[in-house]
Structure formats: structure tokens, C-alpha cells
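Shown below: upload13.cif, with mmCIF, C-alpha atoms.
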```cif
data_work
loop_
_atom_site.group_PDB
_atom_site.id
_atom_site.type_symbol
_atom_site.label_atom_id
_atom_site.label_comp_id
_atom_site.auth_asym_id
_atom_site.auth_seq_id
_atom_site.Cartn_x
_atom_site.Cartn_y
_atom_site.Cartn_z
ATOM 1 C CA MET J 1 -11.875 -12.750 -7.622
ATOM 2 C CA LEU J 2 -12.843 -9.973 -5.242
ATOM 3 C CA PHE J 3 -10.418 -8.077 -3.052
ATOM 4 C CA ARG J 4 -10.534 -8.857 0.685
ATOM 5 C CA SER J 5 -12.281 -12.190 0.158
ATOM 6 C CA ASN J 6 -11.659 -15.741 1.318
ATOM 7 C CA TYR J 7 -11.753 -18.516 -1.218
ATOM 8 C CA GLN J 8 -12.003 -22.228 -0.512
ATOM 9 C CA ILE J 9 -11.018 -24.708 -3.202
ATOM 10 C CA LYS J 10 -11.378 -28.489 -3.028
ATOM 11 C CA VAL J 11 -8.809 -30.482 -4.988
ATOM 12 C CA ARG J 12 -7.712 -34.078 -5.370
ATOM 13 C CA SER J 13 -5.088 -35.823 -7.400
ATOM 14 C CA TYR J 14 -5.159 -39.032 -9.356
ATOM 15 C CA ALA J 15 -2.727 -41.467 -10.919
ATOM 16 C CA THR J 16 -3.042 -44.146 -13.540
ATOM 17 C CA PRO J 17 -0.855 -47.160 -12.674
ATOM 18 C CA SER J 18 1.422 -48.419 -15.426
ATOM 19 C CA GLY J 19 -0.364 -50.905 -17.671
ATOM 20 C CA SER J 20 -3.829 -50.011 -16.360
ATOM 21 C CA THR J 21 -6.678 -47.805 -17.515
ATOM 22 C CA ASP J 22 -8.054 -47.444 -13.973
ATOM 23 C CA LYS J 23 -7.419 -44.237 -12.057
ATOM 24 C CA ILE J 24 -6.589 -44.104 -8.360
ATOM 25 C CA TYR J 25 -7.911 -40.967 -6.663
ATOM 26 C CA SER J 26 -6.690 -39.294 -3.489
ATOM 27 C CA ASP J 27 -9.016 -37.867 -0.861
ATOM 28 C CA PHE J 28 -10.172 -34.291 -1.384
ATOM 29 C CA THR J 29 -8.028 -31.579 0.208
ATOM 30 C CA THR J 30 -9.369 -28.127 0.990
ATOM 31 C CA ILE J 31 -7.160 -25.174 0.177
ATOM 32 C CA LYS J 32 -8.081 -21.816 1.678
ATOM 33 C CA THR J 33 -6.663 -18.587 0.330
ATOM 34 C CA ALA J 34 -7.412 -14.899 0.546
ATOM 35 C CA THR J 35 -6.986 -11.967 -1.770
ATOM 36 C CA ASP J 36 -5.147 -8.819 -0.732
ATOM 37 C CA VAL J 37 -6.390 -5.266 -0.473
ATOM 38 C CA ALA J 38 -5.317 -3.206 -3.461
ATOM 39 C CA GLU J 39 -3.844 0.207 -2.708
ATOM 40 C CA SER J 40 -6.618 1.786 -4.748
ATOM 41 C CA ASP J 41 -9.169 0.280 -2.348
ATOM 42 C CA ILE J 42 -7.934 2.584 0.416
ATOM 43 C CA THR J 43 -8.090 6.330 0.372
ATOM 44 C CA VAL J 44 -6.687 8.689 2.968
ATOM 45 C CA ALA J 45 -7.564 12.383 2.950
ATOM 46 C CA SER J 46 -7.113 15.372 5.211
ATOM 47 C CA ASN J 47 -10.129 17.608 4.684
ATOM 48 C CA ALA J 48 -10.013 19.392 8.057
ATOM 49 C CA ALA J 49 -7.266 20.788 10.268
ATOM 50 C CA GLY J 50 -5.574 18.087 12.353
ATOM 51 C CA LYS J 51 -7.623 15.223 10.884
ATOM 52 C CA ALA J 52 -7.126 12.333 8.448
ATOM 53 C CA THR J 53 -9.906 10.085 7.184
ATOM 54 C CA VAL J 54 -9.126 6.540 6.035
ATOM 55 C CA SER J 55 -11.812 5.021 3.777
ATOM 56 C CA TRP J 56 -12.259 1.601 2.183
ATOM 57 C CA ASN J 57 -14.730 -0.394 0.133
ATOM 58 C CA THR J 58 -16.937 -2.511 2.404
ATOM 59 C CA GLU J 59 -17.295 -5.495 0.018
ATOM 60 C CA GLY J 60 -15.623 -8.809 0.818
ATOM 61 C CA ASP J 61 -15.153 -11.083 3.823
ATOM 62 C CA VAL J 62 -13.172 -8.788 6.120
ATOM 63 C CA THR J 63 -14.798 -8.516 9.563
ATOM 64 C CA LEU J 64 -12.422 -6.050 11.254
ATOM 65 C CA TYR J 65 -9.775 -3.633 10.048
ATOM 66 C CA TYR J 66 -6.771 -2.774 12.179
ATOM 67 C CA ILE J 67 -5.734 0.723 11.130
ATOM 68 C CA TYR J 68 -2.065 1.662 11.544
ATOM 69 C CA ARG J 69 -0.386 5.078 11.374
ATOM 70 C CA ALA J 70 3.354 5.350 10.734
ATOM 71 C CA SER J 71 5.868 8.150 10.233
ATOM 72 C CA ASP J 72 7.360 6.473 7.130
ATOM 73 C CA SER J 73 6.249 4.215 4.300
ATOM 74 C CA THR J 74 7.954 1.031 5.507
ATOM 75 C CA SER J 75 7.368 0.640 9.241
ATOM 76 C CA ASP J 76 4.279 -0.931 10.785
ATOM 77 C CA GLY J 77 3.575 2.111 12.927
ATOM 78 C CA THR J 78 1.023 2.087 15.711
ATOM 79 C CA ILE J 79 -2.516 0.751 15.785
ATOM 80 C CA VAL J 80 -4.800 3.780 15.953
ATOM 81 C CA ALA J 81 -8.109 1.945 15.624
ATOM 82 C CA ILE J 82 -9.815 -1.414 15.279
ATOM 83 C CA ILE J 83 -12.937 -0.831 13.241
ATOM 84 C CA PRO J 84 -15.718 -3.083 11.901
ATOM 85 C CA ALA J 85 -15.189 -3.352 8.141
ATOM 86 C CA SER J 86 -18.819 -2.434 7.510
ATOM 87 C CA THR J 87 -18.276 1.145 8.737
ATOM 88 C CA GLY J 88 -16.282 2.075 5.611
ATOM 89 C CA SER J 89 -14.134 4.789 7.205
ATOM 90 C CA PHE J 90 -12.271 6.053 10.244
ATOM 91 C CA THR J 91 -11.247 9.629 11.127
ATOM 92 C CA ASN J 92 -8.037 10.123 13.100
ATOM 93 C CA SER J 93 -7.927 13.493 14.882
ATOM 94 C CA GLY J 94 -5.410 15.436 16.981
ATOM 95 C CA LEU J 95 -2.765 15.253 14.245
ATOM 96 C CA THR J 96 -0.098 17.877 13.578
ATOM 97 C CA SER J 97 -0.922 20.203 10.669
ATOM 98 C CA GLY J 98 1.692 20.098 7.907
ATOM 99 C CA SER J 99 2.971 16.650 8.951
ATOM 100 C CA THR J 100 2.856 13.642 6.652
ATOM 101 C CA TYR J 101 1.591 10.337 8.015
ATOM 102 C CA TYR J 102 1.395 6.929 6.378
ATOM 103 C CA TYR J 103 -1.672 4.768 6.958
ATOM 104 C CA HIS J 104 -2.196 1.113 6.172
ATOM 105 C CA VAL J 105 -4.897 -1.340 7.134
ATOM 106 C CA VAL J 106 -4.880 -5.039 7.903
ATOM 107 C CA GLY J 107 -8.123 -6.954 7.393
ATOM 108 C CA TYR J 108 -9.166 -9.872 9.576
ATOM 109 C CA TYR J 109 -11.924 -12.411 9.150
ATOM 110 C CA LEU J 110 -13.697 -13.676 12.271
ATOM 111 C CA SER J 111 -14.707 -17.328 12.179
ATOM 112 C CA ASN J 112 -15.391 -19.634 15.132
ATOM 113 C CA ALA J 113 -14.130 -16.981 17.575
ATOM 114 C CA LYS J 114 -10.773 -16.827 15.764
ATOM 115 C CA LEU J 115 -9.368 -13.852 13.834
ATOM 116 C CA THR J 116 -7.504 -14.738 10.646
ATOM 117 C CA LYS J 117 -5.527 -12.143 8.707
ATOM 118 C CA ILE J 118 -6.790 -12.132 5.128
ATOM 119 C CA SER J 119 -5.566 -8.842 3.696
ATOM 120 C CA GLU J 120 -3.119 -5.994 4.078
ATOM 121 C CA SER J 121 -2.866 -2.722 2.195
ATOM 122 C CA ASP J 122 0.100 -0.734 1.033
ATOM 123 C CA HIS J 123 1.009 2.415 2.982
ATOM 124 C CA VAL J 124 -0.857 5.505 1.802
ATOM 125 C CA ALA J 125 0.576 8.955 2.594
ATOM 126 C CA VAL J 126 -1.406 12.001 3.674
ATOM 127 C CA THR J 127 -0.252 15.504 4.606
ATOM 128 C CA ILE J 128 -2.422 16.995 7.324
ATOM 129 C CA GLN J 129 -4.134 20.371 6.815
#
```

As C-alpha cells, please, write out the structure in this file.
Amino acid sequence: MLFRSNYQIKVRSYATPSGSTDKIYSDFTTIKTATDVAESDITVASNAAGKATVSWNTEGDVTLYYIYRASDSTSDGTIVAIIPASTGSFTNSGLTSGSTYYYHVVGYYLSNAKLTKISESDHVAVTIQ
């Protein structure tokens, strides 16, 4: 299974009544599930003064990433960008040198004009140059 991907599985159950060899089948049911983003799929680096670059692998079904910046590793923080997944990175500027920020991304899939959350990363820390 790939990270950041939707999977659709069709299942049905059956029963064999007591004293019979015939099977009774239910209708098919569709189960939809998504895989999460692994922490290793996201990198955050500060390679220039006052800037942090968040990067991710562009494979999978994610349409948009909501990028959050927090001051600790447990809070949601603030949305700093909404970026098409295909771009692969986002640079946040105007940050305070020497400060540590925590970034995490939430991936959404767009289908029939509806956004569905399909992935969320762990928080990744970066200290700004």
C-alpha cells in the first residue's frame, strides 16, 4: 500500500444455513480507507535566514495539502498555506532566526467538489537560521 492513497475494497458475507450446502450471500459493500503520511515522507529544513521549506513526496491521491506551523509538537498551530500536492514543497518566510517551529501537513483528496481528509503527518521540528 502506498502512503497518501485511497483504497476501495468490495466485500460481502455469506452464511450456510444449518442442514444445507447452499450459501446465502449478502450484497456487496464498499469500504473506503486511506493510508497516512509517514513522518519520513515530510522534510522540513531551514537553509536560509528566516525561512523554512516543507517538502513531501508527490505520489498518491492527495490533491491539496494544508500546511500548519505550531510553536510546540502537540498543538495544531495555524494554517500557513494550502498547496496543491503536485508542487512538492512550500517555503515559509519571515520567520524568527534561532526559533524552533513545528510543521505538519494534512492531505485532502478532492472528489465531486468535496474535500476528504485522507492523511496527516506527525509534527516535524525545524530551527530557523

Report as a VMD selection string the residues that result from applying the PyMOL selection byres ((chain J and resi 54) around 10) to the structure here.
chain J and resid 42 to 46 52 to 53 55 to 56 67 88 to 92 103 to 105 124 126

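On the file presented, the PyMOL selection byres ((chain J and resi 95) around 12) picks out Ser46, Ala48, Ala49, Gly50, Lys51, Ala52, Thr53, Arg69, Ser71, Val80, Thr91, Asn92, Ser93, Gly94, Thr96, Ser97, Gly98, Ser99, Thr100, Tyr101, Val126, Thr127, Ile128 and Gln129 of chain J.
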
List as a ChimeraX atom specification the protein and nucleic acid residues near Gly107 in chain J, meaning an atom at most 6 Å away when only C-alpha atoms are counted, but skip any in the same chain fewer than 3 places from it.
/J:62,64-65,117-119

Restricting the output to C-alpha atoms, write the selected residues as a PDB file, in the frame of the given file.
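again.pdb, freshly written:
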```pdb
ATOM      1  CA  VAL J  62     -13.172  -8.788   6.120  1.00  0.00           C
ATOM      2  CA  LEU J  64     -12.422  -6.050  11.254  1.00  0.00           C
ATOM      3  CA  TYR J  65      -9.775  -3.633  10.048  1.00  0.00           C
ATOM      4  CA  LYS J 117      -5.527 -12.143   8.707  1.00  0.00           C
ATOM      5  CA  ILE J 118      -6.790 -12.132   5.128  1.00  0.00           C
ATOM      6  CA  SER J 119      -5.566  -8.842   3.696  1.00  0.00           C
TER       7      SER J 119
END
```

Contacts of Ser13 in chain J at 10 Å (only C-alpha atoms; same-chain gap of 6+ positions) as a compact mmCIF listing (two decimals) with C-alpha atoms, keeping the file's coordinate frame:
```txt
# COMPACT_ATOMS: atom_id res chain seq x y z
CA LYS J 23 -7.42 -44.24 -12.06
CA ILE J 24 -6.59 -44.10 -8.36
CA TYR J 25 -7.91 -40.97 -6.66
CA SER J 26 -6.69 -39.29 -3.49
CA ASP J 27 -9.02 -37.87 -0.86
CA PHE J 28 -10.17 -34.29 -1.38
CA THR J 29 -8.03 -31.58 0.21
```

As a check of understanding: the span from CA of Thr78 in chain J to CA of Tyr66 in chain J is 9.8 Å

Between J:Thr63, J:Lys10, J:Thr30, J:Ser20, single out the one closest to Ala113 in chain J, counting only C-alpha atoms.
J:Thr63

How many Å separate CA of Ser86 in chain J from CA of Ile9 in chain J?
25.9 Å

Let me have the centre and edge lengths of the axis-aligned box enclosing all listed atoms of range 77-86 of chain J with 8 Å padding on every side, in Å to one decimal, as AutoDock Vina command-line options.
```
--center_x -7.6 --center_y 0.2 --center_z 11.7 --size_x 38.4 --size_y 23.1 --size_z 24.4
```

Please write as a compact mmCIF listing (two decimals) with C-alpha atoms, keeping the file's coordinate frame the full residue list that the PyMOL selection byres ((chain J and resi 123) around 8) yields on this file.
```
# COMPACT_ATOMS: atom_id res chain seq x y z
CA GLU J 39 -3.84 0.21 -2.71
CA SER J 73 6.25 4.22 4.30
CA THR J 74 7.95 1.03 5.51
CA TYR J 102 1.40 6.93 6.38
CA TYR J 103 -1.67 4.77 6.96
CA HIS J 104 -2.20 1.11 6.17
CA SER J 121 -2.87 -2.72 2.19
CA ASP J 122 0.10 -0.73 1.03
CA VAL J 124 -0.86 5.50 1.80
CA ALA J 125 0.58 8.96 2.59
```

Between CA of Ala70 in chain J and CA of Ile82 in chain J, what is the distance, to one decimal in Å?
15.5 Å

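For the residues J:Glu120, J:Tyr109, J:Asn47, J:Tyr68, ranking by smallest atom-to-atom distance to Pro84 in chain J using all atoms listed in the file places J:Tyr109 first.
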
Completion step: range 74-87 of chain J with N, CA and C atoms as a short mmCIF file (atom, residue, chain, number, x, y, z; two decimals), in the frame of the given file:
```
data_model
loop_
_atom_site.label_atom_id
_atom_site.label_comp_id
_atom_site.auth_asym_id
_atom_site.auth_seq_id
_atom_site.Cartn_x
_atom_site.Cartn_y
_atom_site.Cartn_z
N THR J 74 7.54 2.43 5.38
CA THR J 74 7.95 1.03 5.51
C THR J 74 7.70 0.42 6.88
N SER J 75 7.57 1.22 7.90
CA SER J 75 7.37 0.64 9.24
C SER J 75 5.90 0.33 9.49
N ASP J 76 5.65 -0.57 10.44
CA ASP J 76 4.28 -0.93 10.78
C ASP J 76 3.53 0.22 11.44
N GLY J 77 4.23 1.02 12.23
CA GLY J 77 3.58 2.11 12.93
C GLY J 77 2.83 1.61 14.15
N THR J 78 1.81 2.35 14.51
CA THR J 78 1.02 2.09 15.71
C THR J 78 -0.44 1.87 15.33
N ILE J 79 -1.07 0.93 16.00
CA ILE J 79 -2.52 0.75 15.78
C ILE J 79 -3.24 1.97 16.35
N VAL J 80 -4.02 2.63 15.50
CA VAL J 80 -4.80 3.78 15.95
C VAL J 80 -6.28 3.45 16.09
N ALA J 81 -6.70 2.33 15.50
CA ALA J 81 -8.11 1.94 15.62
C ALA J 81 -8.30 0.51 15.17
N ILE J 82 -9.32 -0.12 15.74
CA ILE J 82 -9.82 -1.41 15.28
C ILE J 82 -11.29 -1.17 14.99
N ILE J 83 -11.63 -1.28 13.71
CA ILE J 83 -12.94 -0.83 13.24
C ILE J 83 -13.66 -1.96 12.50
N PRO J 84 -14.96 -2.13 12.72
CA PRO J 84 -15.72 -3.08 11.90
C PRO J 84 -15.62 -2.68 10.43
N ALA J 85 -15.36 -3.63 9.57
CA ALA J 85 -15.19 -3.35 8.14
C ALA J 85 -16.41 -2.67 7.54
N SER J 86 -17.57 -2.97 8.06
CA SER J 86 -18.82 -2.43 7.51
C SER J 86 -18.96 -0.93 7.68
N THR J 87 -18.15 -0.31 8.53
CA THR J 87 -18.28 1.14 8.74
C THR J 87 -17.76 1.93 7.54
#
```
